[in-house]
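Q: I have a structure I would like to understand better, so I am pasting it below and will then ask my questions one at a time.
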Amino acid sequence: MRKLQTQGVHHITLVGADRQTSIDFWEGVLGMPFVFEQPNLDNESESHLYFDPGDGRLITIFTNEERTPDPDRTPTDPGCVHHIAFAISQATFAQTVERLDERSIEHSGVKDRGFMDSIYFNDPLGLLIELASYRFEPPAGFTHADVLLEAHKLRVERGDHNIAQEHLADAIALLVRRSRGSLSDG
């Protein structure tokens with residue numbers, strides 16, 4: 001049986017409350033430009049807001065002026081979304097705690113994930129948001145996923161618990177060695 005091959009996330013659509021709550025959070029807090037709006041073509045009582053998370057793809061929100069924000073944590077039952085993670089630079093990440101604190105947004109504090117740093121907080125509707133920053137840049141012609149795949153293989157081969165800086169550095173060297181020739185090979 002042949003696969004339906006995906007080529008990336010096209011967009012993610014969330015159910016929001018009122019229009020202004022969405023604009024205030026997605027653009028006002030996270031800096032995602034509000035790029036367009038139209039009616040929800042499947043439900044005329046809702047509006048469909050589109051935000052650019054920074055890579056040209058879209059986060060969209062269905063809004064309805066009769067809905068009000070409920071900050072209780074969204075369900076985490078099987079099949080529900082646990083959290084959405086957005087990439088940020090190391091320069092921005094270094095200022096994340098301060099910027100969230102300035103807005104009185106409760107957060108997890110910085111979490112060390114070995115290959116990245118992250119911080120968690122809830123949006124106004126209780127959805128868990130993660131801001132994540134890789135601790136490495138992939139070599140030219142490769143993606144973060146390429147490096148992580150190789151780092152995972154190295155971690156498992158070495159019997160280590162989780163991916164660490166050593167695995168990343170060795171994975172990057174391995175990818176570069178495989179992709180580029182050298183007159184002094186060996």
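We label chains A, B, ... in the order they appear in the structure tokens, count residues from 1 in each chain, and number ligands from 1 in the order shown.
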Which residues come within 9 Å of Val35 in chain A, counting only C-alpha atoms, excluding same-chain residues fewer than 2 positions away, as a list in words?

A: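 Result of the neighbour search: Met32, Pro33, Glu37, Leu49, Tyr50, Phe51 and Asp52 of chain A.
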
Q: Per DSSP on the backbone, what are the helix (DSSP H, G or I) residues of range 87-148 of chain A, as a list in words?

A: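 Those residues are Gln90, Ala91, Thr92, Phe93, Thr96, Val97, Glu98, Arg99, Leu100, Asp101, Glu102, His144, Ala145, Asp146, Val147 and Leu148 of chain A.
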
Q: With only C-alpha atoms as the basis for distance, which of A:Phe121, A:Phe115, A:Phe86, A:Phe142 is at the shortest distance from Asp101 in chain A?

A: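 Ranking A:Phe121, A:Phe115, A:Phe86, A:Phe142 by distance to Asp101 in chain A, first place goes to A:Phe121.
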
Q: Pick from A:Asp72, A:Glu106, A:Asp160, A:Asp170: nearest to Phe136 in chain A, with only C-alpha atoms counted?

A: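 Of the candidates, the smallest distance to Phe136 in chain A is held by A:Asp170.
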
Q: Go through A:Glu65, A:Asp112, A:Ala171, A:Arg158 one by one, measure the shortest atom-to-atom distance of each to Glu137 in chain A using only C-alpha atoms, and give the residue with the smallest value.

A: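 Going through A:Glu65, A:Asp112, A:Ala171, A:Arg158 one by one, the smallest distance to Glu137 in chain A is for A:Ala171.
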
Q: Which residues are near Thr74 in chain A? Cut-off 8 Å, only C-alpha atoms, ignore same chain within fewer than 3 positions. Put them as JSON, numbers by chain.

A: {"A": [125, 126, 127, 128]}

Q: Write out as a list in words which residues come within 12 Å of Leu30 in chain A when counting only C-alpha atoms, dropping same-chain ones fewer than 5 positions away.

A: Ser22, Ile23, Asp24, Phe25, Phe51, Asp52, Pro53, Gly54, Ile59, Ala85, Phe86, Ala87, Ile88, Thr92, Thr96, Arg99, Leu100, Arg103, Phe121, Asp123, Ile129, Glu130 and Leu131 of chain A

Q: Keeping N, CA and C atoms for every residue in the selection just given, could you write it to a file as an mmCIF file, in the first residue's frame?

A:
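Okay, selection-v7.cif is ready:
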```
data_model
loop_
_atom_site.group_PDB
_atom_site.id
_atom_site.type_symbol
_atom_site.label_atom_id
_atom_site.label_comp_id
_atom_site.auth_asym_id
_atom_site.auth_seq_id
_atom_site.Cartn_x
_atom_site.Cartn_y
_atom_site.Cartn_z
ATOM 1 N N SER A 22 -7.804 36.569 20.683
ATOM 2 C CA SER A 22 -6.864 35.904 19.778
ATOM 3 C C SER A 22 -5.800 36.865 19.278
ATOM 4 N N ILE A 23 -6.202 38.032 18.851
ATOM 5 C CA ILE A 23 -5.242 39.021 18.337
ATOM 6 C C ILE A 23 -4.272 39.440 19.440
ATOM 7 N N ASP A 24 -4.797 39.691 20.624
ATOM 8 C CA ASP A 24 -3.942 40.117 21.740
ATOM 9 C C ASP A 24 -2.887 39.068 22.082
ATOM 10 N N PHE A 25 -3.245 37.778 22.019
ATOM 11 C CA PHE A 25 -2.284 36.747 22.375
ATOM 12 C C PHE A 25 -1.351 36.414 21.216
ATOM 13 N N PHE A 51 -2.693 33.784 11.356
ATOM 14 C CA PHE A 51 -1.470 34.375 11.894
ATOM 15 C C PHE A 51 -0.261 33.646 11.315
ATOM 16 N N ASP A 52 0.829 34.372 11.073
ATOM 17 C CA ASP A 52 2.073 33.796 10.557
ATOM 18 C C ASP A 52 3.035 33.559 11.715
ATOM 19 N N PRO A 53 3.324 32.283 12.053
ATOM 20 C CA PRO A 53 4.212 32.011 13.187
ATOM 21 C C PRO A 53 5.691 32.255 12.901
ATOM 22 N N GLY A 54 6.027 32.691 11.698
ATOM 23 C CA GLY A 54 7.407 33.044 11.409
ATOM 24 C C GLY A 54 8.035 32.267 10.273
ATOM 25 N N ILE A 59 -1.060 29.661 11.607
ATOM 26 C CA ILE A 59 -1.851 29.262 12.762
ATOM 27 C C ILE A 59 -3.174 29.988 12.560
ATOM 28 N N ALA A 85 4.389 23.772 20.132
ATOM 29 C CA ALA A 85 5.706 24.364 20.341
ATOM 30 C C ALA A 85 6.062 25.268 19.166
ATOM 31 N N PHE A 86 6.618 26.428 19.494
ATOM 32 C CA PHE A 86 7.073 27.370 18.482
ATOM 33 C C PHE A 86 8.562 27.604 18.635
ATOM 34 N N ALA A 87 9.257 27.696 17.513
ATOM 35 C CA ALA A 87 10.695 27.934 17.512
ATOM 36 C C ALA A 87 10.986 29.409 17.743
ATOM 37 N N ILE A 88 11.982 29.667 18.583
ATOM 38 C CA ILE A 88 12.491 31.022 18.768
ATOM 39 C C ILE A 88 14.015 30.958 18.780
ATOM 40 N N THR A 92 16.335 35.489 21.537
ATOM 41 C CA THR A 92 15.012 35.745 22.107
ATOM 42 C C THR A 92 14.782 34.868 23.328
ATOM 43 N N THR A 96 13.182 35.422 27.318
ATOM 44 C CA THR A 96 11.805 34.928 27.442
ATOM 45 C C THR A 96 11.250 35.049 28.857
ATOM 46 N N ARG A 99 10.467 38.658 29.621
ATOM 47 C CA ARG A 99 9.330 39.177 28.849
ATOM 48 C C ARG A 99 7.998 38.584 29.309
ATOM 49 N N LEU A 100 7.989 37.303 29.677
ATOM 50 C CA LEU A 100 6.759 36.711 30.221
ATOM 51 C C LEU A 100 6.445 37.307 31.589
ATOM 52 N N ARG A 103 4.702 40.613 31.596
ATOM 53 C CA ARG A 103 3.275 40.513 31.276
ATOM 54 C C ARG A 103 2.507 39.748 32.347
ATOM 55 N N PHE A 121 3.945 27.791 28.995
ATOM 56 C CA PHE A 121 2.923 28.629 29.626
ATOM 57 C C PHE A 121 1.614 28.403 28.891
ATOM 58 N N ASP A 123 -1.945 29.656 27.015
ATOM 59 C CA ASP A 123 -2.591 30.772 26.323
ATOM 60 C C ASP A 123 -3.844 31.150 27.116
ATOM 61 N N ILE A 129 1.460 26.187 25.663
ATOM 62 C CA ILE A 129 2.339 26.685 24.605
ATOM 63 C C ILE A 129 3.775 26.448 25.054
ATOM 64 N N GLU A 130 4.606 25.975 24.158
ATOM 65 C CA GLU A 130 6.033 25.825 24.418
ATOM 66 C C GLU A 130 6.793 26.730 23.469
ATOM 67 N N LEU A 131 7.746 27.468 23.993
ATOM 68 C CA LEU A 131 8.699 28.195 23.171
ATOM 69 C C LEU A 131 10.004 27.421 23.258
#
```

Q: Which residue gives the smallest distance to Arg178 in chain A among A:Pro139, A:Gln7, A:Trp26, A:Thr13, with only C-alpha atoms counted?

A: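 When distances to Arg178 in chain A are compared using only C-alpha atoms, the smallest one comes from A:Pro139.
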
Q: Would you compute the distance between CA of Glu102 in chain A and CA of Ser118 in chain A? Give it in Å to one decimal.

A: 18.3 Å

Q: Which distance in Å separates CA of Gln5 in chain A and CA of Ala132 in chain A, to one decimal?

A: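 Separating CA of Gln5 in chain A from CA of Ala132 in chain A is a distance of 26.2 Å.
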